[in-house]
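Engineer: Input structure: work12.txt, which contains compact mmCIF, C-alpha atoms.
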# COMPACT_ATOMS: atom_id res chain seq x y z
CA ALA A 8 6.26 33.55 27.24
CA ALA A 9 6.18 32.14 30.74
CA GLY A 10 4.08 29.03 31.21
CA VAL A 11 2.58 27.14 34.10
CA ILE A 12 5.24 25.36 36.13
CA GLN A 13 4.59 22.12 37.94
CA SER A 14 6.89 20.25 40.26
CA PRO A 15 7.91 17.59 40.52
CA ARG A 16 7.47 16.31 36.99
CA HIS A 17 7.63 12.69 38.10
CA LEU A 18 6.91 11.14 41.46
CA ILE A 19 6.97 7.56 42.72
CA LYS A 20 5.31 6.75 46.03
CA GLU A 21 4.29 3.68 47.99
CA LYS A 22 0.72 2.92 49.01
CA ARG A 23 -0.43 4.85 52.08
CA GLU A 24 2.27 7.48 51.66
CA THR A 25 1.62 11.17 51.13
CA ALA A 26 2.53 13.41 48.20
CA THR A 27 2.54 17.13 47.57
CA LEU A 28 2.31 18.54 44.07
CA LYS A 29 3.13 22.16 43.39
CA CYS A 30 1.87 24.52 40.74
CA TYR A 31 3.14 27.97 39.80
CA PRO A 32 0.67 29.78 37.52
CA ILE A 33 1.51 32.08 34.68
CA PRO A 34 2.51 35.49 36.14
CA ARG A 35 -0.55 37.64 36.93
CA HIS A 36 -2.92 34.68 36.63
CA ASP A 37 -5.09 34.54 39.73
CA THR A 38 -7.02 31.33 39.13
CA VAL A 39 -5.65 27.82 39.40
CA TYR A 40 -7.28 24.52 38.47
CA TRP A 41 -6.27 20.93 39.18
CA TYR A 42 -7.10 18.01 36.90
CA GLN A 43 -6.41 14.30 37.14
CA GLN A 44 -5.87 12.20 34.01
CA GLY A 45 -5.82 8.44 34.50
CA PRO A 46 -4.14 6.16 31.94
CA GLY A 47 -6.02 6.29 28.64
CA GLN A 48 -8.64 8.67 30.04
CA ASP A 49 -9.59 12.29 29.60
CA PRO A 50 -8.69 14.81 32.31
CA GLN A 51 -11.13 15.11 35.19
CA PHE A 52 -11.55 18.33 37.14
CA LEU A 53 -10.58 18.14 40.81
CA ILE A 54 -10.68 21.62 42.31
CA SER A 55 -10.06 25.28 41.52
CA PHE A 56 -9.05 28.42 43.37
CA TYR A 57 -9.67 32.06 42.62
CA GLU A 58 -7.86 34.76 44.57
CA LYS A 59 -6.74 32.21 47.15
CA MET A 60 -10.26 30.98 47.84
CA GLN A 61 -11.68 27.67 46.68
CA SER A 62 -14.07 28.42 43.84
CA ASP A 63 -15.20 25.05 42.48
CA LYS A 64 -14.92 21.46 43.57
CA GLY A 65 -15.08 18.43 41.36
CA SER A 66 -14.31 14.77 41.90
CA ILE A 67 -11.56 15.31 44.44
CA PRO A 68 -11.25 12.50 47.03
CA ASP A 69 -11.49 13.43 50.70
CA ARG A 70 -7.91 12.19 51.06
CA PHE A 71 -6.78 15.10 48.88
CA SER A 72 -6.64 18.73 49.85
CA ALA A 73 -5.39 21.81 48.11
CA GLN A 74 -4.81 25.47 48.69
CA GLN A 75 -3.67 28.59 46.91
CA PHE A 76 -1.10 30.79 48.59
CA SER A 77 -0.61 34.55 48.70
CA ASP A 78 1.78 34.40 45.72
CA TYR A 79 -0.95 32.47 43.80
CA HIS A 80 0.96 29.24 43.64
CA SER A 81 -1.03 26.19 44.62
CA GLU A 82 -0.30 22.85 46.25
CA LEU A 83 -2.25 19.61 46.01
CA ASN A 84 -1.74 17.41 49.05
CA MET A 85 -2.52 13.73 48.66
CA SER A 86 -2.60 11.41 51.65
CA SER A 87 -3.09 7.66 52.11
CA LEU A 88 -2.17 7.11 48.49
CA GLU A 89 -3.83 4.26 46.65
CA LEU A 90 -2.80 2.42 43.50
CA GLY A 91 -5.69 4.10 41.68
CA ASP A 92 -4.19 7.52 42.34
CA SER A 93 -1.52 6.79 39.73
CA ALA A 94 -2.20 9.39 37.07
CA LEU A 95 -1.03 12.53 35.36
CA TYR A 96 -1.96 15.56 37.44
CA PHE A 97 -2.36 18.83 35.60
CA CYS A 98 -2.46 22.30 36.95
CA ALA A 99 -3.92 25.03 34.77
CA SER A 100 -4.17 28.76 35.26
CA SER A 101 -6.19 31.65 33.90
CA LEU A 102 -6.51 35.36 34.43
CA GLY A 103 -9.85 35.67 36.15
CA ARG A 104 -12.29 32.99 37.14
CA TYR A 105 -14.35 33.07 33.97
CA GLN A 106 -11.70 33.72 31.39
CA GLU A 107 -12.11 31.51 28.39
CA THR A 108 -8.71 29.93 28.24
CA GLN A 109 -7.04 27.76 30.82
CA TYR A 110 -3.36 27.19 30.16
CA PHE A 111 -2.09 23.85 31.32
CA GLY A 112 1.23 23.01 32.89
CA PRO A 113 3.31 20.03 31.76
CA GLY A 114 1.79 17.80 34.43
CA THR A 115 3.14 15.69 37.28
CA ARG A 116 3.18 11.99 36.60
CA LEU A 117 2.47 10.14 39.85
CA LEU A 118 3.06 6.44 40.17
CA VAL A 119 1.86 4.68 43.31
CA LEU A 120 3.41 1.26 43.93
CA ALA B 13 -25.32 11.98 29.44
CA GLN B 14 -22.04 12.78 27.75
CA LYS B 15 -21.39 16.47 27.59
CA ILE B 16 -18.69 16.20 24.96
CA THR B 17 -18.70 13.45 22.35
CA GLN B 18 -15.77 12.62 20.11
CA THR B 19 -16.78 9.72 17.91
CA GLN B 20 -13.40 9.08 16.29
CA PRO B 21 -11.11 7.23 18.72
CA GLY B 22 -8.36 7.16 16.10
CA MET B 23 -7.57 8.61 12.69
CA PHE B 24 -4.81 8.13 10.13
CA VAL B 25 -4.10 10.95 7.68
CA GLN B 26 -1.50 11.43 4.98
CA GLU B 27 0.97 14.25 5.55
CA LYS B 28 -0.06 17.57 3.93
CA GLU B 29 -3.71 16.58 3.80
CA ALA B 30 -6.37 18.47 5.73
CA VAL B 31 -8.09 16.65 8.58
CA THR B 32 -11.33 17.23 10.46
CA LEU B 33 -11.77 16.00 14.01
CA ASP B 34 -15.39 15.73 15.08
CA CYS B 35 -16.87 17.04 18.30
CA THR B 36 -20.45 17.41 19.45
CA TYR B 37 -21.53 18.84 22.76
CA ASP B 38 -24.56 18.98 24.96
CA THR B 39 -25.46 21.91 27.17
CA SER B 40 -28.46 23.96 28.17
CA ASP B 41 -26.35 26.92 29.25
CA PRO B 42 -26.86 29.94 26.99
CA SER B 43 -23.22 30.91 27.45
CA TYR B 44 -20.36 28.47 27.04
CA GLY B 45 -16.93 28.12 25.55
CA LEU B 46 -15.48 25.38 23.41
CA PHE B 47 -11.82 24.41 23.28
CA TRP B 48 -9.46 22.10 21.53
CA TYR B 49 -6.33 20.83 23.24
CA LYS B 50 -3.49 18.75 21.82
CA GLN B 51 -1.72 16.16 23.94
CA PRO B 52 1.46 14.71 22.41
CA SER B 53 2.95 11.49 23.67
CA SER B 54 5.09 13.52 26.09
CA GLY B 55 1.90 14.27 28.01
CA GLU B 56 1.58 18.02 28.12
CA MET B 57 -1.77 19.61 27.30
CA ILE B 58 -1.43 22.29 24.66
CA PHE B 59 -4.19 24.83 24.06
CA LEU B 60 -5.02 25.16 20.36
CA ILE B 61 -8.16 27.17 19.81
CA TYR B 62 -11.22 28.64 21.54
CA GLN B 63 -14.76 29.42 20.37
CA GLY B 64 -17.26 31.34 22.48
CA SER B 65 -20.94 30.50 22.14
CA TYR B 66 -21.77 34.06 21.16
CA ASP B 67 -18.95 34.44 18.65
CA GLN B 68 -20.35 35.11 15.21
CA GLN B 69 -17.33 33.93 13.29
CA ASN B 70 -15.49 30.64 13.40
CA ALA B 71 -12.25 30.82 15.33
CA THR B 72 -8.96 30.40 13.47
CA GLU B 73 -5.40 30.07 14.75
CA GLY B 74 -2.82 29.47 12.07
CA ARG B 75 -3.43 26.02 10.58
CA TYR B 76 -6.25 25.36 13.04
CA SER B 77 -9.84 26.42 12.53
CA LEU B 78 -12.95 25.54 14.43
CA ASN B 79 -16.07 24.76 12.42
CA PHE B 80 -18.73 25.93 14.86
CA GLN B 81 -22.32 24.95 14.05
CA LYS B 82 -24.35 26.10 17.01
CA ALA B 83 -27.70 24.70 15.94
CA ARG B 84 -26.16 21.27 15.47
CA LYS B 85 -24.07 21.63 18.64
CA SER B 86 -20.91 20.71 16.85
CA ALA B 87 -17.42 22.17 17.10
CA ASN B 88 -15.18 20.32 14.70
CA LEU B 89 -11.47 21.07 14.52
CA VAL B 90 -9.96 21.43 11.07
CA ILE B 91 -6.20 21.13 10.65
CA SER B 92 -4.98 22.26 7.26
CA ALA B 93 -1.83 20.90 5.63
CA SER B 94 -1.14 18.33 8.33
CA GLN B 95 2.43 17.77 9.52
CA LEU B 96 4.14 14.83 11.17
CA GLY B 97 4.28 16.83 14.39
CA ASP B 98 0.50 16.93 14.46
CA SER B 99 0.44 13.30 15.55
CA ALA B 100 -1.07 13.43 19.03
CA MET B 101 -4.25 12.98 21.05
CA TYR B 102 -6.75 15.78 20.51
CA PHE B 103 -9.34 16.68 23.12
CA CYS B 104 -12.46 18.72 22.57
CA ALA B 105 -13.61 20.45 25.73
CA MET B 106 -16.29 22.80 27.04
CA ARG B 107 -16.78 25.24 29.85
CA GLU B 108 -20.33 26.16 30.81
CA GLU B 109 -20.77 29.63 32.19
CA TYR B 110 -23.50 28.79 34.71
CA SER B 111 -23.68 25.01 35.19
CA SER B 112 -20.05 24.18 35.73
CA ALA B 113 -18.58 27.62 36.26
CA SER B 114 -14.84 27.41 35.94
CA LYS B 115 -14.12 23.76 35.22
CA ILE B 116 -13.48 22.38 31.75
CA ILE B 117 -15.19 19.17 30.69
CA PHE B 118 -13.23 17.05 28.23
CA GLY B 119 -14.27 14.57 25.59
CA SER B 120 -12.66 11.16 25.33
CA GLY B 121 -10.21 12.33 22.70
CA THR B 122 -9.18 11.40 19.16
CA ARG B 123 -5.76 9.97 18.48
CA LEU B 124 -4.46 11.43 15.23
CA SER B 125 -1.60 9.79 13.40
CA ILE B 126 0.01 11.47 10.42
CA ARG B 127 1.57 9.20 7.81
CA PRO B 128 4.67 10.45 5.92
Any chance you could give the structure as structure tokens?
Structural biologist:
Amino acid sequence: AAGVIQSPRHLIKEKRETATLKCYPIPRHDTVYWYQQGPGQDPQFLISFYEKMQSDKGSIPDRFSAQQFSDYHSELNMSSLELGDSALYFCASSLGRYQETQYFGPGTRLLVL
Amino acid sequence: AQKITQTQPGMFVQEKEAVTLDCTYDTSDPSYGLFWYKQPSSGEMIFLIYQGSYDQQNATEGRYSLNFQKARKSANLVISASQLGDSAMYFCAMREEYSSASKIIFGSGTRLSIRP
């Protein structure tokens, strides 16, 4: 079965640079979620989109923005990167906003130097 | 206050034994869902099992079962006949229907190591 696709899988950036992470949900899934998992920590919810509209917002820094496009893929844009942004970024998708199961992608590992 | 509490930071279990990973939760929502995810060292987050707050029976998925005790607010994961490939970090998580809408809240995880 098709899974959530994230690209790139690994990314190395310098401080103050920008980064764009992409997420392609499972086909027919209309809801996308972004999570950030710091080293040795549990994932923290950043933001979610349902039918191309932002539906929930968590602990997403103002330096980050995200959107969901007409084909339901989503992009997380990160600007003015800081060392503390180094983390594993997960995208998850579900069919419907309140469906019980969110399926996670493999994650993008971001390292800020 | 912690929404999801996993009190076992690490566990060692002999291969083929059953193992129970503890999870307690805290919510005032009448409707919520409980999840277990597995995260191997490679980093991906693998969905294992789901239990809805109104489900009458405990959820089961192959070797995984969820021991749901609603009055005690616990949702322990039971893995039967453990295998070496079960070595991973296990996260208990919750989604609240009204308070937190779509986001999932994770516990701090339990690192399970299976001994051959």
Engineer: Specify as a PyMOL selection string all residues of chain B found within 10 Å of chain A, counting all atoms listed in the file.
Structural biologist: chain B and resi 44-47+49+54-64+103-109+112-121
Engineer: List the neighbours of Gln75 of chain A out to 7 Å using only C-alpha atoms; skip same-chain residues closer than 5 positions along the sequence, and give me the result as a PyMOL selection string.
Structural biologist: chain A and resi 56+59+80-82
Engineer: Name all residues at most 7 Å from segment 20-34 of chain A (count only C-alpha atoms; drop same-chain ones fewer than 4 positions away) and give them as a list of chain:residue names.
Structural biologist: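 My list of contacting residues is A:Ala9, A:Gly10, A:Val11, A:Ile12, A:Gln13, A:Ser14, A:Pro15, A:Val39, A:His80, A:Ser81, A:Glu82, A:Leu83, A:Asn84, A:Met85, A:Ser86, A:Ser87, A:Leu88, A:Glu89, A:Leu90, A:Cys98, A:Ser100, A:Leu118, A:Val119, A:Leu120.
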Engineer: Give me, as number ranges by chain, all polymer residues having an atom no more than 12 Å from Ser77 of chain B, counting all atoms listed in the file and skipping those fewer than 6 positions away in the same chain.
Structural biologist: B: 30-33, 47-48, 60-63, 69-71, 87-93
Engineer: At what distance in Å, to one decimal, does atom CA of Ser65 of chain B lie from atom CA of Gln61 of chain A?
Structural biologist: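 Separation between atom CA of Gln61 of chain A and atom CA of Ser65 of chain B: 26.4 Å.
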Engineer: What does the distance between atom CA of Cys35 of chain B and atom CA of Lys85 of chain B come to in Å, to one decimal place?
Structural biologist: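 Taking atom CA of Cys35 of chain B and atom CA of Lys85 of chain B, their separation equals 8.5 Å.
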Engineer: Taking only C-alpha atoms into account, name the residue in B:Asp98, B:Asp67, B:Glu29, B:Glu73 that is nearest to Arg123 of chain B.
Structural biologist: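 The closest residue to Arg123 of chain B is B:Asp98.
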Engineer: Which residue is closest to Arg75 of chain B? Choose from B:Tyr102, B:Pro42, B:Leu124, B:Lys28 and count all atoms listed in the file.
Structural biologist: B:Lys28
Engineer: Using all atoms listed in the file, find the one residue out of A:Met60, A:Gln74, A:His36, A:Arg16 that sits nearest to Leu102 of chain A.
Structural biologist: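 Of all the options, A:His36 lies closest to Leu102 of chain A.
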Engineer: Could you work out how far atom CA of Tyr66 of chain B lies from atom CA of Asp34 of chain B, giving the answer in Å with one decimal?
Structural biologist: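 Atom-to-atom, atom CA of Asp34 of chain B and atom CA of Tyr66 of chain B are spaced 20.3 Å apart.
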Engineer: Using all atoms of segment 80-90 of chain B listed in the file and a margin of 6 Å per side, can you give the axis-aligned box centre and edge lengths in Å to one decimal, as JSON?
Structural biologist:
{"center_x": -18.8, "center_y": 23.2, "center_z": 14.9, "size_x": 29.7, "size_y": 17.8, "size_z": 19.6}
